[in-house]
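What's in model_18.cif: mmCIF, C-alpha atoms and all ligand atoms
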```cif
data_protein
loop_
_atom_site.label_atom_id
_atom_site.label_comp_id
_atom_site.auth_asym_id
_atom_site.auth_seq_id
_atom_site.Cartn_x
_atom_site.Cartn_y
_atom_site.Cartn_z
CA MET A 20 -7.18 -1.35 -5.00
CA ARG A 21 -4.05 -0.34 -6.84
CA CYS A 22 -1.30 -2.60 -8.17
CA GLU A 23 1.16 -1.59 -5.40
CA GLU A 24 -1.40 -2.59 -2.78
CA ILE A 25 -2.18 -5.86 -4.50
CA ASP A 26 1.37 -6.96 -5.12
CA PRO A 27 2.23 -7.97 -1.51
CA LEU A 28 -1.13 -9.81 -1.20
CA LEU A 29 -0.89 -11.90 -4.36
CA ASP A 30 0.86 -14.91 -2.80
CA ALA A 31 -1.74 -15.15 -0.07
CA TYR A 32 -4.47 -14.60 -2.65
CA VAL A 33 -3.28 -17.53 -4.78
CA ASP A 34 -2.99 -19.68 -1.65
CA GLY A 35 -6.57 -18.79 -0.71
CA GLU A 36 -5.41 -17.28 2.58
CA LEU A 37 -6.97 -13.84 2.20
CA ASP A 38 -10.11 -12.62 3.91
CA LEU A 39 -13.19 -12.29 1.73
CA VAL A 40 -13.05 -8.51 1.34
CA HIS A 41 -9.47 -8.47 0.07
CA ALA A 42 -9.98 -11.59 -2.06
CA LEU A 43 -12.99 -10.00 -3.80
CA ALA A 44 -11.13 -6.71 -4.32
CA ILE A 45 -8.28 -8.61 -5.98
CA ASP A 46 -10.71 -10.72 -8.07
CA GLN A 47 -12.15 -7.47 -9.32
CA HIS A 48 -8.72 -5.93 -10.00
CA LEU A 49 -7.47 -8.98 -11.90
CA THR A 50 -10.35 -8.72 -14.38
CA THR A 51 -9.18 -5.24 -15.38
CA CYS A 52 -5.39 -5.38 -14.91
CA ALA A 53 -3.45 -7.62 -17.29
CA GLN A 54 -0.18 -6.97 -15.45
CA CYS A 55 -1.42 -8.22 -12.07
CA ALA A 56 -3.39 -11.05 -13.70
CA ALA A 57 -0.19 -12.26 -15.36
CA ARG A 58 1.69 -12.08 -12.07
CA SER A 59 -1.07 -14.01 -10.31
CA ALA A 60 -0.97 -16.66 -13.08
CA ARG A 61 2.81 -17.00 -12.65
CA ILE A 62 2.47 -17.53 -8.89
CA ALA A 63 -0.28 -20.12 -9.47
CA ALA A 64 1.90 -21.89 -12.06
CA VAL A 65 4.87 -22.09 -9.67
CA ARG A 66 2.57 -23.36 -6.94
CA ALA A 67 1.14 -26.06 -9.24
CA ALA A 68 4.61 -27.04 -10.48
CA VAL A 69 5.94 -27.43 -6.93
CA GLY A 70 2.85 -29.41 -5.94
CA SER A 71 3.14 -31.88 -8.82
CA ALA A 72 6.92 -32.20 -8.99
CA GLY A 73 7.00 -35.18 -6.65
CA LEU A 74 8.56 -33.02 -3.94
CA HIS A 75 6.21 -34.38 -1.30
CA PHE A 76 5.90 -37.95 -0.10
CA ALA A 77 4.05 -39.87 2.55
CA ALA A 78 6.04 -40.61 5.69
CA PRO A 79 6.82 -44.32 6.01
CA PRO A 80 5.06 -46.04 8.95
CA GLN A 81 8.45 -46.81 10.55
CA LEU A 82 9.04 -43.06 11.02
CA ALA A 83 6.37 -42.75 13.69
CA GLU A 84 7.93 -45.70 15.47
CA ARG A 85 11.40 -44.15 15.36
CA ILE A 86 10.12 -40.81 16.65
CA GLY A 87 8.46 -42.74 19.46
CA LEU A 88 11.85 -44.24 20.34
CA LEU A 89 13.53 -40.83 20.33
CA ALA A 90 10.94 -39.29 22.65
CA PRO A 91 12.09 -39.13 26.26
CA ALA A 92 11.09 -42.34 27.98
CA ALA A 93 8.53 -41.98 30.75
CA PRO A 94 9.97 -42.97 34.11
CA ARG A 95 9.14 -46.58 34.75
CA ARG A 96 8.68 -47.22 38.41
CA SER A 97 7.28 -50.66 38.07
CA SER A 98 6.02 -52.88 35.32
CA SER A 99 2.48 -52.71 36.70
CA GLN A 100 2.28 -48.92 36.00
CA THR A 101 3.26 -49.23 32.35
CA SER A 102 -0.21 -49.90 31.04
CA ILE A 103 -1.67 -46.96 33.03
CA GLN A 104 1.00 -44.61 31.63
CA SER A 105 0.43 -45.59 28.03
CA SER A 106 -3.30 -45.02 28.29
CA SER A 107 -2.89 -41.64 30.04
CA LEU A 108 -0.29 -40.60 27.44
CA ARG A 109 -2.84 -40.44 24.64
CA PRO A 110 -5.05 -37.55 25.78
CA PHE A 111 -1.90 -35.63 26.70
CA ALA A 112 -0.50 -36.07 23.19
CA TRP A 113 -3.80 -34.99 21.67
CA GLN A 114 -3.80 -31.83 23.77
CA SER A 115 -0.23 -31.06 22.76
CA TRP A 116 -1.14 -31.31 19.11
CA ALA A 117 -4.16 -29.07 19.63
CA ALA A 118 -1.97 -26.50 21.40
CA ALA A 119 0.63 -26.69 18.61
CA ALA A 120 -2.08 -26.29 15.96
CA ALA A 121 -3.51 -23.29 17.81
CA LEU A 122 -0.03 -21.76 17.97
CA VAL A 123 0.51 -22.28 14.24
CA ALA A 124 -2.91 -20.77 13.52
CA ALA A 125 -2.09 -17.75 15.69
CA VAL A 126 1.24 -17.27 13.92
CA LEU A 127 -0.42 -17.51 10.49
CA LEU A 128 -3.12 -15.07 11.55
CA GLY A 129 -0.47 -12.66 12.81
CA TRP A 130 1.44 -13.01 9.58
CA GLY A 131 -1.68 -12.32 7.49
CA LEU A 132 -2.46 -9.30 9.64
CA MET A 133 1.10 -8.02 9.22
CA ARG A 134 0.84 -8.30 5.46
CA TRP A 135 -2.48 -6.50 5.47
CA GLN A 136 -1.05 -3.76 7.69
CA ALA A 137 1.98 -3.50 5.40
CA SER A 138 -0.27 -2.55 2.49
CA ALA A 139 -2.14 0.01 4.60
CA ALA A 140 1.22 1.27 5.89
CA GLY A 141 2.32 1.73 2.26
CA GLN A 142 -0.41 4.33 1.74
CA ASP A 143 0.43 6.05 5.02
CA ARG A 144 4.12 6.03 4.15
CA VAL A 145 3.41 7.94 0.92
CA ALA A 146 1.24 10.43 2.86
CA GLN A 147 4.12 10.93 5.32
CA GLU A 148 6.50 11.44 2.41
CA VAL A 149 4.09 14.00 0.93
CA VAL A 150 4.16 15.92 4.22
CA SER A 151 7.98 15.68 4.43
CA ASN A 152 8.29 17.07 0.90
CA HIS A 153 5.88 19.86 1.78
CA ILE A 154 7.82 20.79 4.95
CA ARG A 155 11.14 20.64 3.08
CA SER A 156 9.78 22.91 0.35
CA LEU A 157 8.82 25.48 2.99
CA LEU A 158 12.00 25.24 5.09
CA ALA A 159 14.53 25.30 2.28
CA GLU A 160 12.58 28.02 0.49
CA HIS A 161 12.61 25.63 -2.41
CA LEU A 162 9.03 26.25 -3.30
CA PHE A 163 9.65 26.66 -7.00
CA ASP A 164 11.98 25.75 -9.78
CA VAL A 165 9.75 27.86 -11.95
CA ALA A 166 8.07 30.83 -10.30
CA SER A 167 5.16 31.92 -12.36
CA THR A 168 1.47 32.52 -11.96
CA ASP A 169 0.96 31.75 -15.64
CA GLN A 170 -0.08 28.17 -16.34
CA HIS A 171 1.14 28.56 -19.92
CA THR A 172 4.65 29.15 -18.55
CA VAL A 173 4.53 26.48 -15.86
CA LYS A 174 3.18 23.61 -17.94
CA PRO A 175 5.82 23.63 -20.71
CA TRP A 176 8.57 24.03 -18.10
CA PHE A 177 7.88 20.44 -16.95
CA ALA A 178 8.34 18.95 -20.42
CA GLY A 179 11.25 16.50 -20.30
CA ARG A 180 11.66 16.96 -16.54
CA VAL A 181 8.99 14.47 -15.44
CA ASP A 182 7.57 11.30 -17.01
CA CYS A 183 4.30 12.93 -17.89
CA PRO A 184 3.67 16.68 -18.13
CA PRO A 185 1.22 17.73 -15.43
CA VAL A 186 -2.16 19.27 -15.89
CA VAL A 187 -1.73 22.89 -14.77
CA GLU A 188 -4.69 24.89 -13.54
CA ASP A 189 -4.96 28.26 -11.87
CA PHE A 190 -7.58 29.13 -9.25
CA LYS A 191 -6.79 32.83 -8.84
CA ASP A 192 -10.46 33.76 -9.14
CA GLN A 193 -11.32 31.31 -6.36
CA GLY A 194 -8.66 32.78 -4.04
CA MET A 195 -6.11 30.01 -4.62
CA PRO A 196 -3.63 31.33 -7.17
CA LEU A 197 -0.97 29.19 -8.81
CA VAL A 198 2.44 30.54 -7.80
CA GLY A 199 4.90 28.10 -9.34
CA GLY A 200 6.10 24.57 -9.81
CA ARG A 201 9.07 22.28 -9.25
CA VAL A 202 10.18 18.69 -9.64
CA ASP A 203 10.11 16.57 -6.48
CA VAL A 204 10.57 12.91 -5.60
CA LEU A 205 7.73 10.84 -4.17
CA ASP A 206 7.68 7.09 -3.59
CA GLY A 207 10.94 6.83 -5.53
CA ARG A 208 9.55 8.60 -8.61
CA ARG A 209 10.03 12.06 -10.10
CA VAL A 210 6.78 13.93 -9.73
CA ALA A 211 5.51 17.34 -10.71
CA ALA A 212 4.74 19.64 -7.78
CA LEU A 213 2.48 22.64 -8.35
CA VAL A 214 2.42 25.34 -5.69
CA TYR A 215 -0.66 27.34 -4.78
CA ARG A 216 -1.38 29.91 -2.10
CA LYS A 217 -4.51 30.08 -0.02
CA GLY A 218 -4.18 33.23 2.08
CA LYS A 219 -0.90 32.76 3.97
CA HIS A 220 -0.98 28.99 3.50
CA VAL A 221 0.91 27.07 0.85
CA ILE A 222 -0.70 24.16 -0.94
CA ASN A 223 1.61 21.70 -2.66
CA LEU A 224 -0.03 19.49 -5.26
CA PHE A 225 2.01 16.46 -6.37
CA MET A 226 1.03 14.47 -9.40
CA CYS A 227 2.37 11.63 -11.49
CA PRO A 228 0.87 8.96 -13.71
CA PRO A 229 -0.12 5.81 -11.76
CA ALA A 230 2.46 3.00 -11.76
CA ASP A 231 -0.11 0.79 -13.47
CA SER A 232 -1.36 2.25 -16.74
CA ARG A 233 -4.74 0.55 -16.17
CA ALA A 234 -5.31 1.82 -12.63
CA ALA A 235 -8.82 2.82 -11.65
CA ALA A 236 -9.97 6.21 -10.39
CA GLU A 237 -9.89 6.73 -6.61
CA GLN A 238 -12.07 9.06 -4.58
CA PRO A 239 -10.34 11.70 -2.42
CA ARG A 240 -9.09 10.31 0.89
CA THR A 241 -7.89 12.65 3.65
CA THR A 242 -5.19 11.78 6.15
CA THR A 243 -3.53 14.03 8.71
CA TYR A 244 0.13 13.77 9.59
CA LYS A 245 2.08 16.10 11.89
CA GLY A 246 -0.76 18.60 11.66
CA PHE A 247 -0.78 18.71 7.85
CA ASN A 248 -3.75 17.54 5.84
CA VAL A 249 -3.08 15.29 2.87
CA VAL A 250 -5.77 14.51 0.32
CA SER A 251 -4.97 11.80 -2.21
CA TRP A 252 -7.08 10.84 -5.19
CA ALA A 253 -6.61 9.45 -8.66
CA SER A 254 -8.01 9.56 -12.14
CA PRO A 255 -7.11 6.71 -14.50
CA GLU A 256 -4.37 8.96 -15.96
CA MET A 257 -2.94 10.65 -12.89
CA SER A 258 -2.45 10.14 -9.15
CA TYR A 259 -2.67 13.28 -6.98
CA TRP A 260 -1.64 14.30 -3.47
CA ALA A 261 -2.56 17.75 -2.15
CA VAL A 262 -0.94 18.83 1.12
CA SER A 263 -1.24 21.95 3.23
CA ASP A 264 -1.41 23.32 6.74
CA ALA A 265 -4.61 25.04 5.61
CA ASN A 266 -7.63 23.49 7.33
CA GLU A 267 -9.27 20.41 5.92
CA ALA A 268 -12.29 22.28 4.50
CA ALA A 269 -10.00 24.64 2.54
CA LEU A 270 -7.98 21.76 1.16
CA GLN A 271 -11.17 19.87 0.25
CA GLU A 272 -12.37 22.99 -1.58
CA PHE A 273 -9.13 23.02 -3.55
CA VAL A 274 -9.51 19.33 -4.45
CA THR A 275 -13.14 19.81 -5.49
CA LEU A 276 -12.14 22.75 -7.71
CA TRP A 277 -9.35 20.68 -9.23
CA GLN A 278 -11.59 17.70 -9.92
CA ALA A 279 -14.29 19.91 -11.48
CA ARG A 280 -11.68 21.57 -13.71
CA ALA A 281 -10.08 18.24 -14.68
CA ALA A 282 -13.50 16.76 -15.54
CA ARG A 283 -14.18 19.37 -18.22
ZN ZN B 301 -2.79 -4.20 -11.35
#
```

Take the structure in the file and give it back as structure tokens.
Amino acid sequence: MRCEEIDPLLDAYVDGELDLVHALAIDQHLTTCAQCAARSARIAAVRAAVGSAGLHFAAPPQLAERIGLLAPAAPRRSSSQTSIQSSSLRPFAWQSWAAAAALVAAVLLGWGLMRWQASAAGQDRVAQEVVSNHIRSLLAEHLFDVASTDQHTVKPWFAGRVDCPPVVEDFKDQGMPLVGGRVDVLDGRRVAALVYRKGKHVINLFMCPPADSRAAAEQPRTTTYKGFNVVSWASPEMSYWAVSDANEAALQEFVTLWQARAAR
């Protein structure tokens, strides 16, 4: 898991509310990521401070009595029925509490599910943004800021324009030539976009360093949005998103080529 995915789960993690799979994934992440470990420690410290600050107290016994007085009085038809009512009141009260507890549990479960979905939605949101950027680059004919098939021209062009100069590779011999590059915005960050052609299809490859400098590598993951394939993957130094209307096999081929080249 990456830091952005872990961040919204940390409160629940510290409270021990996460399912086993997510809790173990975060355990694992915290051993390698000082930033998230520090954040987790801060949350735990606040939790401990609130717990020990004398902010909780036991309800006095009179409280239950007073609540009893405030509760709507049961209709009293005759004094002889009173004892029957009080004994039949107990199981009813117990059932009410059980129903209330079940409701609270359902709400908490729903809340946990929502938080889990929010992290999954975060990944999908970036994939959707990747597709939007791709479509915009095609529609506005804003494919390049620098049009060049020469990686030695494209790479230095990015210097000073993005946080980290991209790795620039050309796959002309494999039928996927580099045609240019530009600066784009993804997930609120300036990213390098390299443009390739595969036949009549355009492949946009976005890359930027991961938000967390100690992020782990991620295997390629394909999603499809509005008919475009998006493959995202990461090395410890760089996060990548490749997008195209070329078919999935062609895009996978591109990603495989890229990974083989980057692994040299
Ligand atoms: Zn982290």

- Can you tell me which residues come within 6 Å of ligand ZN 301 (chain B) when counting all atoms listed in the file, ideally as a PyMOL selection string? chain A and resi 22+52+54-55

- Query: When distances are computed from all atoms listed in the file, which of A:Lys217, A:Val33, A:Leu197, A:Thr51 shows the smallest separation from Ser232 of chain A?
  - Reply: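 Smallest separation from Ser232 of chain A among the options: A:Thr51.
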
- Message: Is it possible to get the residues within 9 Å of (-2.3, 18.0, -12.2) (coordinates as in the file, counting only C-alpha atoms) written as an MDAnalysis selection string?
- Response: chainID A and resid 184:188 211:213 224:227 257:259 277 281

Could the residues of segment 131-237 of chain A that have an atom at most 9 Å from segment 264-271 of chain A be listed as a Markdown table, each with its closest atom pair and the distance in Å to one decimal, counting all atoms listed in the file and ordered by chain and ascending residue number?
```
| residue | atom | partner | partner_atom | distance |
| --- | --- | --- | --- | --- |
| A:Lys217 | CA | A:Ala265 | CA | 7.6 |
| A:Gly218 | CA | A:Ala265 | CA | 8.9 |
| A:Lys219 | CA | A:Ala265 | CA | 8.7 |
| A:His220 | CA | A:Ala265 | CA | 5.8 |
| A:Val221 | CA | A:Asp264 | CA | 7.4 |
| A:Ile222 | CA | A:Ala265 | CA | 7.7 |
```

- Item | Nearest residue to Glu36 of chain A from the set A:Leu205, A:Val65, A:Leu127, A:Leu82 (distances using all atoms listed in the file) | A:Leu127

- Atomic distance atom CA of Asp164 of chain A - atom CA of Arg201 of chain A, expressed in Å with one decimal: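 Result for atom CA of Asp164 of chain A versus atom CA of Arg201 of chain A: 4.6 Å, one decimal.
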
- Query: Interatomic distance between atom CA of Lys191 of chain A and atom CA of Thr242 of chain A?
  - Reply: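 So the answer is 25.9 Å.
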
- Query: Distance atom CA of Phe163 of chain A-atom CA of Tyr215 of chain A, one decimal place?
  - Reply: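 Value for the atom CA of Phe163 of chain A-atom CA of Tyr215 of chain A distance: 10.6 Å.
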
- Task: Could you give me, as a PyMOL selection string, the residues that sit within 10 Å of (7.4, 10.5, -18.3) in the file's coordinates, counting only C-alpha atoms?
- Result: chain A and resi 178-185+209-210+227-228

Test item: axis-aligned box, all listed atoms of segment 218-237 of chain A, 5 Å on each side, centre and edges in Å rounded to one decimal, as AutoDock Vina command-line options:
```
--center_x -3.8 --center_y 16.9 --center_z -6.4 --size_x 22.4 --size_y 42.7 --size_z 30.7
```

- Task: Tell me which of A:Thr275, A:Asp206, A:Ala60, A:Gly200 sits closest to His161 of chain A, counting all atoms listed in the file.
- Result: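 Looking only at the distances to His161 of chain A, the closest residue turns out to be A:Gly200.
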
- Message: Need the shell around Val165 of chain A: protein/DNA/RNA residues with any atom at most 10 Å away, counting only C-alpha atoms. Skip same-chain ones fewer than 6 positions apart. Format as a PyMOL selection string?
- Response: chain A and resi 172-174+176-177+198-202+213-214

- Neighbours of Gln278 of chain A within 10 Å (all atoms listed in the file; same-chain residues fewer than 4 positions away dropped), as a list in words? Pro239, Trp252, Ala253, Ser254, Glu272, Phe273, Val274, Ala282 and Arg283 of chain A

- Query: Which of these, A:Val249, A:Leu29, A:Ala118, A:Leu276, has the shortest distance to Ala146 of chain A once you count only C-alpha atoms?
  - Reply: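 Under the stated criterion, the closest residue is A:Val249.
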
- Item | A:Trp260, A:Phe190, A:Tyr32, A:Trp130 ranked by distance to Glu148 of chain A, top pick (using only C-alpha atoms) |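 When distances to Glu148 of chain A are compared using only C-alpha atoms, the smallest one comes from A:Trp260.
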